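J.: coords07.csv is the file, holding CSV, C-alpha atoms and all ligand atoms:
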chain,number,residue,atom,x,y,z
Z,21,MET,CA,0.0,0.0,0.0
Z,22,ASP,CA,1.4,3.4,-1.0
Z,23,ARG,CA,1.6,5.9,1.8
Z,24,LYS,CA,1.8,9.7,1.8
Z,25,PHE,CA,3.5,11.8,4.4
Z,26,ILE,CA,1.2,14.8,5.2
Z,27,GLU,CA,3.5,17.5,6.4
Z,28,LYS,CA,0.9,19.7,7.9
Z,29,LEU,CA,-0.4,16.9,10.1
Z,30,GLY,CA,3.0,15.1,10.7
Z,31,VAL,CA,1.5,11.7,9.8
Z,32,SER,CA,2.0,9.1,7.1
Z,33,LEU,CA,-1.3,8.0,5.7
Z,34,PRO,CA,-2.2,5.1,3.5
Z,35,ARG,CA,-3.4,6.4,0.1
Z,36,LEU,CA,-6.6,4.3,0.6
Z,37,GLY,CA,-8.8,4.6,3.7
Z,38,TYR,CA,-11.5,2.2,4.6
Z,39,GLY,CA,-14.9,3.9,4.6
Z,40,CYS,CA,-17.2,1.9,6.9
Z,41,MET,CA,-20.6,3.1,5.5
Z,42,ARG,CA,-21.1,0.2,3.0
Z,43,LEU,CA,-19.9,-2.8,5.0
Z,44,PRO,CA,-21.4,-6.1,3.8
Z,45,GLU,CA,-24.8,-6.9,5.3
Z,46,LYS,CA,-26.8,-10.0,6.1
Z,47,GLU,CA,-30.4,-10.0,7.2
Z,48,GLY,CA,-30.5,-6.2,7.5
Z,49,THR,CA,-27.5,-5.9,9.7
Z,50,ILE,CA,-23.7,-5.9,9.3
Z,51,ASP,CA,-22.4,-9.3,8.4
Z,52,PHE,CA,-20.0,-9.4,11.3
Z,53,GLU,CA,-17.7,-12.2,10.3
Z,54,TYR,CA,-17.3,-11.3,6.7
Z,55,ALA,CA,-16.9,-7.6,7.5
Z,56,LYS,CA,-14.3,-8.5,10.1
Z,57,LYS,CA,-12.4,-10.5,7.6
Z,58,LEU,CA,-12.4,-7.5,5.3
Z,59,ILE,CA,-11.1,-5.2,8.0
Z,60,HIS,CA,-8.4,-7.6,9.0
Z,61,HIS,CA,-7.3,-8.1,5.3
Z,62,ALA,CA,-7.2,-4.3,4.8
Z,63,TYR,CA,-5.1,-3.8,8.0
Z,64,ASN,CA,-2.7,-6.5,7.1
Z,65,GLN,CA,-2.2,-4.9,3.7
Z,66,GLY,CA,-1.4,-1.5,5.2
Z,67,VAL,CA,-4.9,0.1,4.9
Z,68,ASN,CA,-4.8,1.3,8.5
Z,69,TYR,CA,-7.3,4.2,8.3
Z,70,PHE,CA,-10.9,3.5,9.3
Z,71,ASP,CA,-13.6,6.0,8.7
Z,72,THR,CA,-17.0,5.7,10.4
Z,73,ALA,CA,-19.8,8.0,11.6
Z,74,TYR,CA,-22.6,8.1,14.1
Z,75,ASN,CA,-25.3,7.2,11.6
Z,76,TYR,CA,-23.6,4.6,9.4
Z,77,HIS,CA,-25.5,1.3,9.3
Z,78,GLY,CA,-28.1,2.8,11.5
Z,79,GLY,CA,-25.5,3.4,14.3
Z,80,GLU,CA,-23.9,-0.1,14.1
Z,81,SER,CA,-20.8,0.8,12.2
Z,82,GLU,CA,-19.1,2.5,15.2
Z,83,THR,CA,-19.9,-0.4,17.5
Z,84,PHE,CA,-18.7,-2.9,14.9
Z,85,LEU,CA,-15.4,-1.1,14.5
Z,86,GLY,CA,-15.0,-0.9,18.3
Z,87,GLN,CA,-15.3,-4.6,18.5
Z,88,VAL,CA,-13.0,-5.5,15.5
Z,89,LEU,CA,-10.2,-2.9,16.0
Z,90,LYS,CA,-9.6,-4.1,19.5
Z,91,ASP,CA,-7.6,-6.9,17.9
Z,92,PHE,CA,-4.9,-4.4,16.9
Z,93,ASP,CA,-2.6,-2.1,18.9
Z,94,ARG,CA,-4.4,1.3,19.2
Z,95,GLU,CA,-1.4,3.2,18.0
Z,96,SER,CA,-1.1,1.1,14.8
Z,97,TYR,CA,-4.2,2.5,13.1
Z,98,PHE,CA,-6.1,5.7,12.5
Z,99,LEU,CA,-9.7,5.9,13.6
Z,100,THR,CA,-12.1,8.6,12.4
Z,101,SER,CA,-15.6,9.5,13.3
Z,102,LYS,CA,-17.9,12.4,12.9
Z,103,LEU,CA,-20.3,14.5,15.0
Z,104,PRO,CA,-23.8,14.2,13.7
Z,105,VAL,CA,-24.5,18.0,13.7
Z,106,TRP,CA,-28.2,17.5,12.8
Z,107,LYS,CA,-28.7,15.7,16.2
Z,108,VAL,CA,-27.4,18.7,18.2
Z,109,LYS,CA,-30.4,20.5,19.6
Z,110,GLU,CA,-28.7,22.3,22.4
Z,111,GLU,CA,-25.0,22.9,23.3
Z,112,LYS,CA,-24.6,20.0,25.8
Z,113,ASP,CA,-25.8,17.4,23.2
Z,114,ALA,CA,-22.3,17.5,21.5
Z,115,GLU,CA,-20.6,16.2,24.7
Z,116,LYS,CA,-23.1,13.5,25.1
Z,117,LEU,CA,-22.8,12.3,21.5
Z,118,PHE,CA,-19.0,12.5,21.6
Z,119,ASN,CA,-18.8,10.4,24.7
Z,120,GLU,CA,-21.3,7.9,23.3
Z,121,GLN,CA,-19.1,7.6,20.2
Z,122,LEU,CA,-15.9,7.0,22.2
Z,123,GLN,CA,-17.6,4.3,24.1
Z,124,LYS,CA,-19.1,2.6,21.0
Z,125,CYS,CA,-15.7,2.7,19.2
Z,126,ASN,CA,-14.1,1.3,22.3
Z,127,THR,CA,-11.4,4.1,22.3
Z,128,GLU,CA,-10.0,6.9,24.4
Z,129,TYR,CA,-9.5,9.2,21.4
Z,130,PHE,CA,-10.2,9.7,17.7
Z,131,ASP,CA,-7.2,10.3,15.4
Z,132,PHE,CA,-9.5,12.4,13.1
Z,133,TYR,CA,-12.9,13.8,13.9
Z,134,LEU,CA,-15.2,15.8,11.6
Z,135,LEU,CA,-18.3,17.9,11.8
Z,136,HIS,CA,-20.4,15.7,9.6
Z,137,SER,CA,-21.9,16.7,6.2
Z,138,LEU,CA,-21.9,20.4,6.5
Z,139,ASN,CA,-23.8,22.8,4.3
Z,140,LYS,CA,-25.0,26.4,4.6
Z,141,ARG,CA,-27.9,25.3,6.9
Z,142,SER,CA,-26.0,23.0,9.2
Z,143,ILE,CA,-23.2,25.6,9.5
Z,144,GLU,CA,-25.8,27.8,11.3
Z,145,THR,CA,-26.2,25.0,13.8
Z,146,VAL,CA,-22.4,24.7,14.2
Z,147,GLU,CA,-22.1,28.4,14.9
Z,148,LYS,CA,-25.2,28.6,17.1
Z,149,PHE,CA,-24.0,25.8,19.4
Z,150,ASN,CA,-20.2,26.6,19.2
Z,151,LEU,CA,-19.4,23.2,17.8
Z,152,TYR,CA,-16.1,24.4,16.5
Z,153,ASP,CA,-15.0,25.4,20.0
Z,154,PHE,CA,-16.3,22.0,21.2
Z,155,ILE,CA,-14.1,20.0,18.9
Z,156,ALA,CA,-11.1,22.4,19.4
Z,157,LYS,CA,-11.5,21.8,23.1
Z,158,LYS,CA,-11.5,18.0,22.6
Z,159,LYS,CA,-8.3,18.4,20.5
Z,160,ALA,CA,-6.7,20.4,23.3
Z,161,GLU,CA,-7.7,17.6,25.8
Z,162,GLY,CA,-6.0,15.0,23.5
Z,163,LYS,CA,-9.3,13.3,22.7
Z,164,ILE,CA,-9.1,14.2,19.1
Z,165,LYS,CA,-5.8,14.5,17.2
Z,166,HIS,CA,-7.0,16.3,14.0
Z,167,ILE,CA,-10.1,18.2,13.4
Z,168,GLY,CA,-12.0,18.8,10.1
Z,169,PHE,CA,-15.4,18.7,8.5
Z,170,SER,CA,-17.1,16.9,5.6
Z,171,PHE,CA,-18.9,19.2,3.2
Z,172,HIS,CA,-21.7,19.2,0.6
Z,173,ASP,CA,-22.4,22.7,-0.6
Z,174,ASN,CA,-21.1,25.3,-3.0
Z,175,ASN,CA,-17.7,27.0,-3.2
Z,176,ASP,CA,-18.8,30.3,-1.7
Z,177,VAL,CA,-20.0,28.5,1.4
Z,178,LEU,CA,-16.8,26.4,1.6
Z,179,LYS,CA,-14.5,29.4,1.2
Z,180,LYS,CA,-16.2,31.3,4.0
Z,181,PHE,CA,-16.4,28.5,6.5
Z,182,ALA,CA,-12.9,27.0,5.7
Z,183,ALA,CA,-11.3,30.4,6.4
Z,184,ALA,CA,-13.4,31.1,9.5
Z,185,HIS,CA,-11.5,28.6,11.7
Z,186,GLU,CA,-8.3,26.5,11.9
Z,187,TRP,CA,-8.7,23.2,10.1
Z,188,ASP,CA,-6.3,20.2,9.9
Z,189,PHE,CA,-8.1,18.7,6.9
Z,190,ILE,CA,-11.4,18.9,5.0
Z,191,GLN,CA,-13.3,16.0,3.4
Z,192,LEU,CA,-14.8,16.6,0.0
Z,193,GLN,CA,-16.6,14.6,-2.7
Z,194,ILE,CA,-14.2,14.5,-5.5
Z,195,ASN,CA,-14.3,12.3,-8.6
Z,196,TYR,CA,-13.9,12.9,-12.3
Z,197,TRP,CA,-17.7,13.1,-12.8
Z,198,ASP,CA,-18.3,15.8,-10.2
Z,199,TRP,CA,-15.1,17.6,-11.5
Z,200,GLU,CA,-16.6,18.0,-15.0
Z,201,VAL,CA,-20.3,18.1,-14.3
Z,202,ASP,CA,-20.4,19.8,-10.8
Z,203,ASP,CA,-18.1,22.1,-8.9
Z,204,ALA,CA,-15.6,19.6,-7.4
Z,205,LYS,CA,-12.8,21.4,-9.1
Z,206,SER,CA,-13.4,24.7,-7.5
Z,207,LEU,CA,-13.9,23.1,-4.1
Z,208,TYR,CA,-10.6,21.3,-4.5
Z,209,GLU,CA,-8.8,24.5,-5.5
Z,210,THR,CA,-10.1,26.3,-2.5
Z,211,LEU,CA,-8.4,23.8,-0.2
Z,212,GLU,CA,-5.3,24.0,-2.3
Z,213,LYS,CA,-5.2,27.8,-1.9
Z,214,LEU,CA,-5.8,27.6,1.8
Z,215,ASN,CA,-3.1,24.8,2.2
Z,216,ILE,CA,-5.6,22.5,3.8
Z,217,PRO,CA,-5.2,18.7,3.0
Z,218,CYS,CA,-8.1,17.3,1.1
Z,219,PHE,CA,-9.5,14.0,2.2
Z,220,VAL,CA,-11.7,12.5,-0.6
Z,221,MET,CA,-15.0,10.8,-0.2
Z,222,GLU,CA,-17.1,9.2,-2.9
Z,223,PRO,CA,-14.2,8.8,-5.4
Z,224,VAL,CA,-16.4,6.3,-7.3
Z,225,ARG,CA,-19.6,8.2,-6.7
Z,226,GLY,CA,-21.4,5.5,-4.7
Z,227,GLY,CA,-20.5,2.9,-7.3
Z,228,PHE,CA,-21.8,5.0,-10.3
Z,229,LEU,CA,-18.2,5.1,-11.7
Z,230,ALA,CA,-17.5,1.4,-11.1
Z,231,SER,CA,-19.8,0.0,-13.8
Z,232,PHE,CA,-21.8,1.7,-16.6
Z,233,ALA,CA,-23.1,1.3,-20.1
Z,234,PRO,CA,-21.1,-1.2,-22.2
Z,235,HIS,CA,-20.2,1.3,-24.9
Z,236,ALA,CA,-18.7,3.7,-22.3
Z,237,MET,CA,-16.9,1.0,-20.5
Z,238,LYS,CA,-15.5,-0.2,-23.8
Z,239,ARG,CA,-13.4,3.0,-24.0
Z,240,PHE,CA,-11.6,2.0,-20.8
Z,241,LYS,CA,-11.4,-1.7,-21.7
Z,242,ASP,CA,-10.0,-1.0,-25.1
Z,243,HIS,CA,-7.2,1.0,-23.5
Z,244,ASN,CA,-6.5,-1.5,-20.7
Z,245,PRO,CA,-8.5,-4.7,-20.7
Z,246,ASN,CA,-7.2,-5.8,-17.3
Z,247,ALA,CA,-8.0,-2.6,-15.3
Z,248,SER,CA,-11.3,-2.5,-13.5
Z,249,ILE,CA,-13.6,0.5,-14.2
Z,250,ALA,CA,-13.4,1.6,-10.6
Z,251,SER,CA,-9.6,1.7,-10.8
Z,252,TRP,CA,-9.8,4.5,-13.3
Z,253,ALA,CA,-11.8,6.7,-10.9
Z,254,LEU,CA,-9.4,5.9,-8.0
Z,255,ARG,CA,-6.2,6.5,-10.1
Z,256,TRP,CA,-7.7,9.8,-11.3
Z,257,VAL,CA,-8.4,11.1,-7.8
Z,258,GLY,CA,-5.1,9.7,-6.6
Z,259,SER,CA,-3.3,11.8,-9.2
Z,260,LEU,CA,-4.4,15.2,-7.7
Z,261,PRO,CA,-1.5,16.6,-5.7
Z,262,ASN,CA,-3.4,18.0,-2.7
Z,263,VAL,CA,-5.3,14.8,-2.1
Z,264,ALA,CA,-4.0,13.3,1.2
Z,265,LEU,CA,-6.3,10.3,1.5
Z,266,ILE,CA,-9.0,8.5,-0.6
Z,267,LEU,CA,-11.8,6.8,1.2
Z,268,SER,CA,-13.6,3.9,-0.4
Z,269,GLY,CA,-16.6,2.1,1.1
Z,270,MET,CA,-15.7,-1.4,0.2
Z,271,SER,CA,-18.4,-4.1,0.5
Z,272,ASP,CA,-16.6,-7.3,-0.6
Z,273,MET,CA,-13.2,-8.9,-0.9
Z,274,ASP,CA,-12.9,-8.4,-4.7
Z,275,GLN,CA,-13.4,-4.7,-4.4
Z,276,LEU,CA,-11.0,-4.4,-1.5
Z,277,LYS,CA,-8.2,-6.4,-3.3
Z,278,ASP,CA,-8.7,-4.4,-6.5
Z,279,ASN,CA,-8.5,-1.1,-4.7
Z,280,ILE,CA,-5.4,-2.2,-2.8
Z,281,GLU,CA,-3.8,-3.2,-6.1
Z,282,THR,CA,-4.7,0.2,-7.5
Z,283,PHE,CA,-2.9,2.0,-4.7
Z,284,THR,CA,0.2,-0.2,-4.7
Z,285,ASN,CA,2.7,1.6,-6.9
Z,286,LEU,CA,-0.1,3.9,-8.1
Z,287,LYS,CA,0.1,4.8,-11.8
Z,288,THR,CA,-1.0,8.4,-12.1
Z,289,ILE,CA,-3.4,9.3,-15.0
Z,290,ASN,CA,-1.5,10.4,-18.2
Z,291,PRO,CA,-2.8,12.9,-20.8
Z,292,ASP,CA,-4.1,10.2,-23.1
Z,293,GLU,CA,-6.0,8.6,-20.3
Z,294,GLN,CA,-7.4,12.0,-19.3
Z,295,LYS,CA,-8.8,12.4,-22.8
Z,296,ILE,CA,-10.5,8.9,-22.5
Z,297,ILE,CA,-12.0,9.9,-19.1
Z,298,HIS,CA,-13.4,13.1,-20.7
Z,299,GLN,CA,-15.0,11.0,-23.5
Z,300,VAL,CA,-16.5,8.7,-20.9
Z,301,VAL,CA,-18.0,11.7,-19.0
Z,302,GLU,CA,-19.6,12.8,-22.2
Z,303,ASP,CA,-21.1,9.3,-22.7
Z,304,LEU,CA,-22.4,9.3,-19.2
Z,305,LYS,CA,-24.0,12.7,-19.4
Z,306,LYS,CA,-26.3,11.2,-22.0
Z,307,ILE,CA,-27.5,8.7,-19.4
Z,308,ASN,CA,-28.6,11.6,-17.1
Z,309,PRO,CA,-28.5,9.7,-13.9
Z,310,VAL,CA,-30.0,10.7,-10.6
Z,311,PRO,CA,-26.9,11.8,-8.7
Z,312,CYS,CA,-27.6,9.5,-5.7
Z,313,THR,CA,-24.6,8.0,-3.9
Z,314,SER,CA,-26.7,5.6,-1.7
Z,315,CYS,CA,-25.6,7.4,1.4
Z,316,ARG,CA,-29.0,6.8,3.0
Z,317,TYR,CA,-29.0,10.1,4.9
Z,318,CYS,CA,-32.6,10.6,3.6
Z,319,MET,CA,-33.8,7.4,5.2
Z,320,ASP,CA,-36.0,6.2,6.7
Z,321,CYS,CA,-39.0,7.6,4.9
Z,322,GLU,CA,-41.9,7.3,7.3
Z,323,PHE,CA,-44.1,6.1,4.5
Z,324,GLY,CA,-41.8,3.3,3.6
Z,325,VAL,CA,-40.4,4.5,0.3
Z,326,ASN,CA,-36.9,3.0,-0.3
Z,327,ILE,CA,-35.5,6.1,-1.8
Z,328,PRO,CA,-31.9,5.0,-2.6
Z,329,LYS,CA,-33.1,1.6,-4.0
Z,330,VAL,CA,-35.5,3.4,-6.4
Z,331,PHE,CA,-32.7,5.6,-7.7
Z,332,GLU,CA,-30.3,2.7,-7.9
Z,333,ILE,CA,-32.8,0.6,-10.0
Z,334,TYR,CA,-33.4,3.7,-12.2
Z,335,ASN,CA,-29.7,4.5,-12.8
Z,336,ASP,CA,-29.0,0.8,-13.6
Z,337,TYR,CA,-31.8,0.8,-16.1
Z,338,LYS,CA,-30.5,4.0,-17.7
Z,339,LYS,CA,-27.0,2.5,-18.0
Z,340,SER,CA,-28.1,-0.9,-19.3
Z,341,GLU,CA,-31.4,-0.1,-21.0
Z,342,ASN,CA,-32.6,-3.5,-19.9
Z,343,LYS,CA,-36.3,-3.2,-19.3
Z,344,ALA,CA,-36.8,-6.8,-18.1
Z,345,ILE,CA,-34.3,-6.4,-15.3
Z,346,ALA,CA,-35.7,-2.9,-14.4
Z,347,ASN,CA,-39.2,-4.3,-14.3
Z,348,ARG,CA,-38.3,-7.2,-12.1
Z,349,SER,CA,-36.2,-5.1,-9.7
Z,350,TYR,CA,-38.8,-2.4,-9.4
Z,351,PHE,CA,-42.2,-4.2,-9.6
Z,352,THR,CA,-41.3,-7.7,-8.4
Z,353,PHE,CA,-38.6,-7.3,-5.8
Z,354,MET,CA,-39.9,-4.1,-4.3
Z,355,LYS,CA,-43.1,-3.9,-2.3
Z,356,GLU,CA,-45.6,-1.3,-3.6
Z,357,GLU,CA,-45.0,0.9,-0.5
Z,358,GLN,CA,-41.3,1.0,-1.3
Z,359,GLN,CA,-41.8,2.3,-4.8
Z,360,GLY,CA,-41.6,5.9,-5.9
Z,361,GLY,CA,-45.4,6.0,-6.5
Z,362,ASN,CA,-45.9,5.8,-2.7
Z,363,CYS,CA,-44.1,9.1,-2.1
Z,364,GLN,CA,-46.6,11.4,-0.2
Z,365,GLN,CA,-44.6,14.5,-1.1
Z,366,CYS,CA,-44.1,15.4,2.5
Z,367,GLY,CA,-40.7,16.9,1.7
Z,368,VAL,CA,-39.0,15.7,4.9
Z,369,CYS,CA,-36.2,13.9,3.0
Z,370,ILE,CA,-35.2,16.9,0.8
Z,371,PRO,CA,-33.0,18.9,3.2
Z,372,LYS,CA,-31.3,15.6,4.4
Z,373,CYS,CA,-29.8,14.9,0.9
Z,374,PRO,CA,-26.2,16.1,0.6
Z,375,GLN,CA,-26.5,15.8,-3.2
Z,376,HIS,CA,-29.4,18.3,-3.2
Z,377,ILE,CA,-31.7,16.0,-5.1
Z,378,ASN,CA,-35.3,17.0,-5.2
Z,379,ILE,CA,-36.3,13.5,-4.0
Z,380,PRO,CA,-40.1,13.6,-4.3
Z,381,GLU,CA,-39.9,15.1,-7.8
Z,382,GLU,CA,-37.4,12.5,-9.0
Z,383,LEU,CA,-39.4,9.7,-7.4
Z,384,GLY,CA,-42.6,10.9,-9.2
Z,385,LYS,CA,-40.8,11.0,-12.6
Z,386,ILE,CA,-39.2,7.7,-12.1
Z,387,HIS,CA,-42.4,6.0,-11.1
Z,388,GLU,CA,-44.1,7.3,-14.3
Z,389,GLU,CA,-41.3,6.0,-16.4
Z,390,MET,CA,-41.3,2.6,-14.7
Z,391,LEU,CA,-45.0,2.3,-15.3
Z,392,SER,CA,-44.5,3.2,-19.0
Z,393,ILE,CA,-42.1,0.2,-19.4
Z,394,ARG,CA,-44.0,-2.1,-17.2
Z,395,SER,CA,-44.4,-5.6,-18.7
Z,396,ASN,CA,-47.7,-7.3,-18.2
P,1,LIG,S1,-41.1,13.3,0.3
P,1,LIG,FE1,-41.7,11.2,-0.2
P,1,LIG,S2,-39.8,10.0,-0.1
P,1,LIG,FE2,-39.4,11.9,1.0
P,1,LIG,S3,-39.9,11.4,3.1
P,1,LIG,FE3,-41.8,12.3,2.2
P,1,LIG,S4,-42.9,10.5,1.5
P,1,LIG,FE4,-40.8,9.8,1.9
P,2,LIG,S1,-31.2,10.5,-2.2
P,2,LIG,FE1,-29.6,11.8,-1.4
P,2,LIG,S2,-29.6,11.3,0.8
P,2,LIG,FE2,-30.8,9.7,-0.1
P,2,LIG,S3,-29.3,8.1,-0.5
P,2,LIG,FE3,-29.3,9.3,-2.3
P,2,LIG,S4,-27.7,10.8,-2.1
P,2,LIG,FE4,-28.1,9.9,-0.1
Before anything else, please render the file you have as structure tokens.

T.:
Amino acid sequence: MDRKFIEKLGVSLPRLGYGCMRLPEKEGTIDFEYAKKLIHHAYNQGVNYFDTAYNYHGGESETFLGQVLKDFDRESYFLTSKLPVWKVKEEKDAEKLFNEQLQKCNTEYFDFYLLHSLNKRSIETVEKFNLYDFIAKKKAEGKIKHIGFSFHDNNDVLKKFAAAHEWDFIQLQINYWDWEVDDAKSLYETLEKLNIPCFVMEPVRGGFLASFAPHAMKRFKDHNPNASIASWALRWVGSLPNVALILSGMSDMDQLKDNIETFTNLKTINPDEQKIIHQVVEDLKKINPVPCTSCRYCMDCEFGVNIPKVFEIYNDYKKSENKAIANRSYFTFMKEEQQGGNCQQCGVCIPKCPQHINIPEELGKIHEEMLSIRSN
């Protein structure tokens, strides 16, 4: 595993960090034995950075890591968690949540700790309840080594908030799709200017850049038949100079091994490959996907709509144009209450989505389209 020494932080980080948001599941809960095997394999291969959060896997991810990481010397790995800012309703909640997280993770301290999923609205909560002061105090007490935040909003908001306090690092959603189609480039450049190390989340955009339409994948396969589609996305982001660490939420051993291989003697993207990536983005734009990363922050919908699943089925259909599979996945494998047609337009999920998707509107359109291709 390649490593990078981050001068500002005085630590050597693996290029690949293990995101614990998409661990394998069995019967609706983390598949403990298999997930443990993945964590052990990662650790043994030098992937010793583990990223979790209060809400991952409905709260189980922190507890899982707390149980699994106790097999290793605490000084031999980096553990990261995040303050669920949306759960802070008064100032003292932060202390309560933080202590609960330490306990669940079975640790005395976090190596890295973030204010989770900030945007213009949640930054108001941060300022109102002095949450920056809270994490800075924890850092001074030695309970956090490095402080940062993860972010989902525009560059003006980022510039202002990044400059308002002292940050050790900031976590951004960077991948070649968001670079060309959204404003990932300007967000990245802001951190570069401020000399703040950039930690990357969603390098493969929740799996969207791991597999897509055969004609688009062919461009990659023609150039290098042996490279996985995901490895292009990871190499692309790993080629950016101010990227300190790249998180990937790995759900199975094949993904994990492939990602480790990518970040062992990493081959940076050359100009010819950059052109191919640009052509692939042009191909993908025609698919016009719903930009859902399956993060599940919008869940649970109190009416039972399975929002990320609807978007996943729709995006898969757009990529493959396979009506039979779309029909089966949507109408046979999903209950009626889980489908887009059951959305009651209450709007509760909209502000929870870091990708700013107008969820009820998209669900309505998708349901109409699914009905139009329904086989009898
Ligand atoms: S807008 Fe629709 S999907 Fe969102 S929470 Fe309300 S009913 Fe559920
Ligand atoms: S709709 Fe938004 S919040 Fe819900 S899973 Fe997708 S990206 Fe996450």

J.: Using all atoms listed in the file, find each protein or nucleic acid residue lying at most 9 Å from ligand LIG 2 (chain P); present the set as a VMD selection string.

T.: chain Z and resid 226 310 to 319 327 to 329 331 to 332 369 to 379

J.: What does the distance between atom CA of Z:Asn285 and atom CA of Z:Lys24 come to in Å, to one decimal place?

T.: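 Calculated distance between atom CA of Z:Asn285 and atom CA of Z:Lys24 is 11.9 Å.
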
J.: Could you list as a PyMOL selection string every residue that has an atom within 9 Å of (-6.5, -0.1, -4.3), using the file's coordinates and counting all atoms listed in the file?

T.: chain Z and resi 21+35-36+251+254-255+275-284+286

J.: Identify, counting all atoms listed in the file, the protein, DNA and RNA residues located within 8 Å of ligand LIG 1 (chain P), and give them as a ChimeraX atom specification.

T.: /Z:318-327,360,362-370,379-380,383

J.: Give the answer as one residue: which of Z:Glu27, Z:Glu82, Z:Asp242, Z:Asp22 has the shortest atom-to-atom distance to Z:Gly39, using only C-alpha atoms?

T.: Z:Glu82

J.: Write out as an MDAnalysis selection string each polymer residue whose atoms come within 12 Å of Z:Lys159, counting only C-alpha atoms; drop sequence neighbours fewer than 3 positions from it.

T.: chainID Z and resid 129:134 152:156 162:168 186:188

J.: Excluding same-chain residues fewer than 5 positions from Z:Lys57, what lies within 10 Å of it counting all atoms listed in the file, as a PyMOL selection string?

T.: chain Z and resi 52+62-63+88+272-273

J.: Could you list, as an mmCIF file with C-alpha atoms, keeping the file's coordinate frame, every residue within 7 Å of Z:Arg394, counting all atoms listed in the file and ignoring same-chain residues fewer than 3 positions away?

T.:
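Once written, selection_9.cif looks like this:
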data_model
loop_
_atom_site.group_PDB
_atom_site.id
_atom_site.type_symbol
_atom_site.label_atom_id
_atom_site.label_comp_id
_atom_site.auth_asym_id
_atom_site.auth_seq_id
_atom_site.Cartn_x
_atom_site.Cartn_y
_atom_site.Cartn_z
ATOM 1 C CA ASN Z 347 -39.200 -4.300 -14.300
ATOM 2 C CA MET Z 390 -41.300 2.600 -14.700
ATOM 3 C CA LEU Z 391 -45.000 2.300 -15.300
#

J.: Calculate how many Å separate atom CA of Z:Gln121 from atom CA of Z:Met270, rounding to one decimal.

T.: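 Computing it gives 22.2 Å between the two atoms.
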
J.: So which one's closest to Z:Tyr69, Z:Lys148, Z:Lys238, Z:Arg42, Z:Arg23? Using all atoms listed in the file, please.

T.: Z:Arg23

J.: Counting all atoms listed in the file, figure out which residue out of Z:Glu388, Z:Glu95, Z:Glu147, Z:Glu381 gets nearest to Z:His185.

T.: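 The answer is Z:Glu147, which sits nearest to Z:His185.
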
J.: Return the single residue from Z:Ala264, Z:Leu229, Z:Leu89, Z:Val224 that is closest to Z:Ser32, with distances computed using only C-alpha atoms.

T.: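 Smallest distance to Z:Ser32 is found for Z:Ala264.
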
J.: Taking (-8.6, 8.0, -2.8) in the file's coordinates as the center, which residues reach within 6 Å of it, counting only C-alpha atoms, put as a PyMOL selection string?

T.: chain Z and resi 36+220+254+257-258+265-267

J.: Show me, as a ChimeraX atom specification, the residues that have an atom within 12 Å of Z:Glu144 when counting all atoms listed in the file, minus same-chain residues fewer than 4 positions from it.

T.: /Z:105-106,108-109,138-140,148-152,177,181

J.: Mind pulling up the distance from atom CA of Z:Asn195 to atom CA of Z:Asp71?

T.: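 Going from atom CA of Z:Asp71 over to atom CA of Z:Asn195, I get 18.4 Å.
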
J.: Could you list, as a list in words, every residue within 9 Å of Z:Phe84, counting only C-alpha atoms and ignoring same-chain residues fewer than 5 positions away?

T.: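 Surrounding residues, per the criterion: Ile50, Phe52, Ala55, Lys56, Leu89, Lys124 and Cys125 of chain Z.
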
J.: Atoms are missing here; could stretch 370-379 of chain Z be completed with N, CA and C atoms and written as a PDB file, keeping the file's coordinate frame?

T.:
ATOM      1  N   ILE Z 370     -35.954  16.008   1.728  1.00  0.00           N
ATOM      2  CA  ILE Z 370     -35.200  16.900   0.800  1.00  0.00           C
ATOM      3  C   ILE Z 370     -33.993  17.559   1.490  1.00  0.00           C
ATOM      4  N   PRO Z 371     -34.150  18.217   2.648  1.00  0.00           N
ATOM      5  CA  PRO Z 371     -33.000  18.900   3.200  1.00  0.00           C
ATOM      6  C   PRO Z 371     -31.911  17.903   3.747  1.00  0.00           C
ATOM      7  N   LYS Z 372     -32.249  16.615   3.853  1.00  0.00           N
ATOM      8  CA  LYS Z 372     -31.300  15.600   4.400  1.00  0.00           C
ATOM      9  C   LYS Z 372     -30.315  15.170   3.287  1.00  0.00           C
ATOM     10  N   CYS Z 373     -30.622  15.464   2.029  1.00  0.00           N
ATOM     11  CA  CYS Z 373     -29.800  14.900   0.900  1.00  0.00           C
ATOM     12  C   CYS Z 373     -28.606  15.769   0.620  1.00  0.00           C
ATOM     13  N   PRO Z 374     -27.387  15.250   0.854  1.00  0.00           N
ATOM     14  CA  PRO Z 374     -26.200  16.100   0.600  1.00  0.00           C
ATOM     15  C   PRO Z 374     -25.991  16.345  -0.907  1.00  0.00           C
ATOM     16  N   GLN Z 375     -26.672  15.570  -1.764  1.00  0.00           N
ATOM     17  CA  GLN Z 375     -26.500  15.800  -3.200  1.00  0.00           C
ATOM     18  C   GLN Z 375     -27.556  16.766  -3.754  1.00  0.00           C
ATOM     19  N   HIS Z 376     -28.360  17.334  -2.862  1.00  0.00           N
ATOM     20  CA  HIS Z 376     -29.400  18.300  -3.200  1.00  0.00           C
ATOM     21  C   HIS Z 376     -30.350  17.802  -4.297  1.00  0.00           C
ATOM     22  N   ILE Z 377     -30.730  16.561  -4.147  1.00  0.00           N
ATOM     23  CA  ILE Z 377     -31.700  16.000  -5.100  1.00  0.00           C
ATOM     24  C   ILE Z 377     -33.107  16.341  -4.635  1.00  0.00           C
ATOM     25  N   ASN Z 378     -33.936  16.783  -5.568  1.00  0.00           N
ATOM     26  CA  ASN Z 378     -35.300  17.000  -5.200  1.00  0.00           C
ATOM     27  C   ASN Z 378     -36.005  15.616  -5.239  1.00  0.00           C
ATOM     28  N   ILE Z 379     -35.929  14.943  -4.102  1.00  0.00           N
ATOM     29  CA  ILE Z 379     -36.300  13.500  -4.000  1.00  0.00           C
ATOM     30  C   ILE Z 379     -37.740  13.251  -4.476  1.00  0.00           C
TER      31      ILE Z 379
END
